[in-house]
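Peer 1: The following block contains the structure, expressed as C-alpha cells.
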Amino acid sequence: MSKKKQSSDASPAVLPAHIAIVMDGNGRWAKKRMMPRAAGHKAGVAALKKIIESASEAGIKCLTVFAFSSENWNRPEREVAILMDLFVSSIKKYLPELQQAGVVLRFIGDRSVFSDKLKASLQQAETSTQNNNFLNLNIAMNYGGRWDITEAAKKMLQDTSSGAVAAEQINESLFSEYLSLADLPAVDLFIRTGGEHRISNFLLWQCAYSELYFTDVLWPDFNGQELKQATQWFSSRQRRFGRTGEQVEEDAVSEHTK
Ligand code: FPP
C-alpha cells in the first residue's frame, strides 16, 4: 500500500461527535439528468441512507439532517406534496433496517401542521427506536433555527411564570436545555452540499462553534468518500473557542504529556 493511499484511508484523528448536514442540490441533480425534481429527492433519500451507514461505520454518534425547512412550504404545492409522501414512504421502507442497526430516530421541528398519517409515522419511528443506543439520527422537518430558539424562550418563560425557574438563574446553559437536541453535544461539523455558502436557518444555536464545510457536490452524489473528506478536513482544523492558536497548541502538548 502506498503512503498516499494509507494517509487518505486513515481515520481522521479527531472525529466530530455531531455532524449536521444541509442536503442541497436534489433539484439540480435531477435537472442535469432531464428528470423531474421528484427523482432528485428520491435519489436524495438513497444518498441519506448511505451516509447514515458511512457515519455509523466511522463512529459518528450524532447526525442531524435538514429534510424540510419552515421556508420550504413556499415551493410549488405539488413538490411539497411529493416530499411529504416521500417522508412517509421512506420511513416505512427504512425503519426496520434503522431499528436493527440500533439507530435512535428523532424528528425536530413543528409537526403540528403535518397530516395525521405523517405525524403517526414520525411518532412510530421515534417510539420504536427510543431504546436504541447506537447512532442518534435527527431529522429536521418544518424546522427553523429561529423557531427553535423562540419555542425555547416560550417554554422558559412559562417556567419563569410558574416559579419553576427564577429570572436570576437564566444563563446560556439553562436556556440551551429548552432547545431541540438539548441532550446531545453541540454540532462540531456543519456540512452543506450543492454549492451555496449559507446556514439557511438550520441549527443556529447548536452551530455557534461548528466548523463549516461547503462542497459543490450535489446531495444525491454525496457519498461515504465525500463524508470522509469532510471529516478529514474537520480533523485538520484548529478549534480555538476564543483562545489564541498558541494556547491551543500548548494545551494540546500538556494534554499529550499527561
Ligand atoms: C434540497 O434540494 C433538498 C430538499 C428540500 C429535500 C431534502 C430531502 C431529502 C433528501 C429526503 C429526506 C428523506 C427523509 C425520509 C428524511 P433542492 O430541492 O433545494 O435542490 P436544488 O437546490 O438543486 O433545487
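Residues are referred to by chain and number: the chain letter is A, B, ... according to the order shown in the C-alpha cells, the number counts from 1 in that chain, and ligands are numbered separately from 1 in the order shown.
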Near Phe234 (chain A), within 9 Å and counting only C-alpha atoms, which residues show up once chain neighbours fewer than 3 positions away are dropped, as a ChimeraX atom specification?
Peer 2: /A:12,14-16,188-189,211-213,229-231,237-238
Peer 1: Report the residues of region 66-152 of chain A whose backbone DSSP state falls under strand (DSSP E or B), written as a list in words.
Peer 2: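 Those in region 66-152 of chain A that DSSP calls strand (DSSP E or B) are Phe66, Ala67, Phe68, Ser69, Val104, Leu105, Arg106, Phe107, Ile108, Asn136, Leu137, Asn138, Ile139, Ala140, Met141, Asn142 and Tyr143 of chain A.
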Peer 1: Show me which residues sit within 6 Å of ligand 1 when counting only C-alpha atoms and all ligand atoms, and put them as a PyMOL selection string.
Peer 2: chain A and resi 23-28+41+44-45+67-68+87+90-91+139
Peer 1: Those same residues, written as an mmCIF file, in the first residue's frame with C-alpha atoms?
Peer 2:
```
data_model
loop_
_atom_site.group_PDB
_atom_site.id
_atom_site.type_symbol
_atom_site.label_atom_id
_atom_site.label_comp_id
_atom_site.auth_asym_id
_atom_site.auth_seq_id
_atom_site.Cartn_x
_atom_site.Cartn_y
_atom_site.Cartn_z
ATOM 1 C CA MET A 23 -28.749 18.215 1.912
ATOM 2 C CA ASP A 24 -28.922 20.654 -1.000
ATOM 3 C CA GLY A 25 -28.879 20.007 -4.742
ATOM 4 C CA ASN A 26 -31.541 17.355 -5.368
ATOM 5 C CA GLY A 27 -33.374 19.509 -7.918
ATOM 6 C CA ARG A 28 -30.229 20.369 -9.898
ATOM 7 C CA HIS A 41 -35.488 13.869 -3.951
ATOM 8 C CA GLY A 44 -31.563 12.175 -2.070
ATOM 9 C CA VAL A 45 -33.165 9.581 0.189
ATOM 10 C CA ALA A 67 -35.063 17.439 5.298
ATOM 11 C CA PHE A 68 -37.606 20.264 5.162
ATOM 12 C CA PHE A 87 -41.142 11.134 4.041
ATOM 13 C CA SER A 90 -39.109 6.323 3.210
ATOM 14 C CA ILE A 91 -39.719 5.982 6.938
ATOM 15 C CA ILE A 139 -34.276 14.635 11.013
#
```
Peer 1: Mind running region 93-131 of chain A against region 69-73 of chain A at 12 Å and telling me each contacting residue's nearest atom pair with the distance in Å (one decimal), counting only C-alpha atoms, chain and number ascending, as JSON lines?
Peer 2:
```
{"residue": "A:Ile108", "atom": "CA", "partner": "A:Ser69", "partner_atom": "CA", "distance": 10.6}
{"residue": "A:Gly109", "atom": "CA", "partner": "A:Ser70", "partner_atom": "CA", "distance": 8.3}
{"residue": "A:Asp110", "atom": "CA", "partner": "A:Ser70", "partner_atom": "CA", "distance": 8.4}
{"residue": "A:Arg111", "atom": "CA", "partner": "A:Ser70", "partner_atom": "CA", "distance": 10.5}
{"residue": "A:Val113", "atom": "CA", "partner": "A:Ser70", "partner_atom": "CA", "distance": 10.8}
{"residue": "A:Phe114", "atom": "CA", "partner": "A:Trp73", "partner_atom": "CA", "distance": 11.5}
```
Peer 1: Identify which of the residues A:Lys50, A:His18, A:Lys117, A:Lys228 lies closest to Lys92 (chain A), counting only C-alpha atoms when measuring atom-to-atom distances.
Peer 2: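 The answer is A:Lys117, which sits nearest to Lys92 (chain A).
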Peer 1: Let's see if you can do this: from backbone DSSP, list all helix (DSSP H, G or I) residues in region 74-228 of chain A, as a VMD selection string.
Peer 2: chain A and resid 74 77 to 100 116 to 129 145 to 162 167 to 169 172 to 176 219 to 221 224 to 228
Peer 1: Could you tell me which of A:Thr150, A:Gln232, A:Ser89, A:Thr129 comes closest to Val104 (chain A) if we count only C-alpha atoms?
Peer 2: A:Thr129
Peer 1: Would you mind telling me which residue in A:Ser161, A:Leu48, A:Glu57, A:Asn201 lies nearest to Asn223 (chain A) when using only C-alpha atoms?
Peer 2: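 Of all the options, A:Leu48 lies closest to Asn223 (chain A).
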Peer 1: Identify which of the residues A:Arg243, A:Lys119, A:Arg78, A:Lys49 lies closest to Ala101 (chain A), counting only C-alpha atoms when measuring atom-to-atom distances.
Peer 2: A:Lys49
Peer 1: Show which residues sit within 12 Å of Gln124 (chain A), as a list in words. Count only C-alpha atoms, and ignore same-chain residues fewer than 2 positions away.
Peer 2: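 Counting only the stated atoms, we get Val88, Ile91, Lys92, Leu95, Pro96, Gln99, Val104, Leu105, Arg106, Phe107, Lys117, Leu118, Lys119, Ala120, Ser121, Leu122, Glu126, Thr127, Ser128, Thr129 and Gln130 of chain A.
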Peer 1: Can those selected residues be exported to a file as a PDB file, in the first residue's frame so that it contains C-alpha atoms?
Peer 2:
```
ATOM      1  CA  VAL A  88     -43.934   8.674   4.883  1.00  0.00           C
ATOM      2  CA  ILE A  91     -39.719   5.982   6.938  1.00  0.00           C
ATOM      3  CA  LYS A  92     -41.887   2.923   6.275  1.00  0.00           C
ATOM      4  CA  LEU A  95     -37.462   1.892   9.674  1.00  0.00           C
ATOM      5  CA  PRO A  96     -36.898  -1.861  10.171  1.00  0.00           C
ATOM      6  CA  GLN A  99     -34.168  -0.207  14.067  1.00  0.00           C
ATOM      7  CA  VAL A 104     -32.245   6.328  17.594  1.00  0.00           C
ATOM      8  CA  LEU A 105     -34.540   8.350  15.333  1.00  0.00           C
ATOM      9  CA  ARG A 106     -35.795  11.743  16.329  1.00  0.00           C
ATOM     10  CA  PHE A 107     -37.648  14.415  14.370  1.00  0.00           C
ATOM     11  CA  LYS A 117     -50.520   9.998   8.563  1.00  0.00           C
ATOM     12  CA  LEU A 118     -47.118  11.675   8.680  1.00  0.00           C
ATOM     13  CA  LYS A 119     -47.479  12.544  12.368  1.00  0.00           C
ATOM     14  CA  ALA A 120     -48.280   8.896  13.151  1.00  0.00           C
ATOM     15  CA  SER A 121     -45.317   7.702  11.119  1.00  0.00           C
ATOM     16  CA  LEU A 122     -42.910  10.063  12.936  1.00  0.00           C
ATOM     17  CA  GLU A 126     -39.443   7.591  17.458  1.00  0.00           C
ATOM     18  CA  THR A 127     -41.187   5.202  19.819  1.00  0.00           C
ATOM     19  CA  SER A 128     -39.811   2.079  18.217  1.00  0.00           C
ATOM     20  CA  THR A 129     -36.200   3.310  18.234  1.00  0.00           C
ATOM     21  CA  GLN A 130     -36.095   5.210  21.540  1.00  0.00           C
TER      22      GLN A 130
END
```
Peer 1: Give me, as a tab-separated table (two decimals) with N, CA and C atoms, in the first residue's frame, all polymer residues having an atom no more than 8 Å from Thr193 (chain A), counting only C-alpha atoms and skipping those fewer than 3 positions away in the same chain.
Peer 2:
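Result went into around_7.tsv, see below:
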```
chain	number	residue	atom	x	y	z
A	21	ILE	N	-26.12	18.27	8.52
A	21	ILE	CA	-26.00	18.38	7.05
A	21	ILE	C	-27.21	19.07	6.43
A	22	VAL	N	-26.93	20.07	5.58
A	22	VAL	CA	-27.96	20.65	4.72
A	22	VAL	C	-27.82	19.93	3.39
A	23	MET	N	-28.82	19.11	3.08
A	23	MET	CA	-28.75	18.21	1.91
A	23	MET	C	-29.28	18.97	0.70
A	24	ASP	N	-28.45	19.80	0.08
A	24	ASP	CA	-28.92	20.65	-1.00
A	24	ASP	C	-28.46	20.13	-2.36
A	25	GLY	N	-29.29	20.32	-3.37
A	25	GLY	CA	-28.88	20.01	-4.74
A	25	GLY	C	-29.68	18.90	-5.42
A	196	GLU	N	-24.00	26.25	-2.25
A	196	GLU	CA	-24.33	27.52	-1.56
A	196	GLU	C	-23.56	27.60	-0.24
A	214	PHE	N	-18.34	23.49	3.11
A	214	PHE	CA	-19.22	23.63	1.94
A	214	PHE	C	-18.62	22.90	0.75
A	215	THR	N	-19.45	22.17	0.05
A	215	THR	CA	-18.97	21.46	-1.13
A	215	THR	C	-19.94	21.67	-2.29
A	216	ASP	N	-19.38	21.69	-3.51
A	216	ASP	CA	-20.23	21.85	-4.71
A	216	ASP	C	-20.97	20.57	-5.07
A	217	VAL	N	-20.55	19.46	-4.47
A	217	VAL	CA	-21.18	18.17	-4.79
A	217	VAL	C	-22.68	18.25	-4.49
A	218	LEU	N	-23.50	17.79	-5.42
A	218	LEU	CA	-24.95	17.81	-5.21
A	218	LEU	C	-25.32	16.66	-4.28
A	219	TRP	N	-26.34	16.86	-3.43
A	219	TRP	CA	-26.60	15.89	-2.36
A	219	TRP	C	-26.68	14.43	-2.86
A	222	PHE	N	-23.36	12.86	-2.94
A	222	PHE	CA	-22.53	12.88	-1.72
A	222	PHE	C	-22.50	11.46	-1.15
```
Peer 1: To one decimal place, how far is CA of Phe202 (chain A) from CA of Ser180 (chain A) in Å?
Peer 2: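 Computed distance, CA of Phe202 (chain A) to CA of Ser180 (chain A), equals 11.6 Å.
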Peer 1: Which polymer residues have any atom within 12 Å of an atom of Gln169 (chain A), counting only C-alpha atoms, with same-chain residues fewer than 6 positions away left out, as an NGL selection string?
Peer 2: :A and (156 or 159-160 or 163 or 175)
Peer 1: Using Å and a single decimal, report how far CA of Val165 (chain A) sits from CA of Arg146 (chain A).
Peer 2: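 According to the coordinates, CA of Arg146 (chain A) and CA of Val165 (chain A) are separated by 22.5 Å.
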Peer 1: For a quick check of understanding, using only C-alpha atoms, which of A:Leu157, A:Ala55, A:Ala43, A:Ala252 has the smallest distance to Tyr178 (chain A)?
Peer 2: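 Under the stated criterion, the closest residue is A:Leu157.
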Peer 1: What lies within 9 Å of region 60-62 of chain A using only C-alpha atoms, ignoring chain neighbours under 5 positions off, as number ranges by chain?
Peer 2: A: 15-20, 54-55, 134-138, 184-185, 187
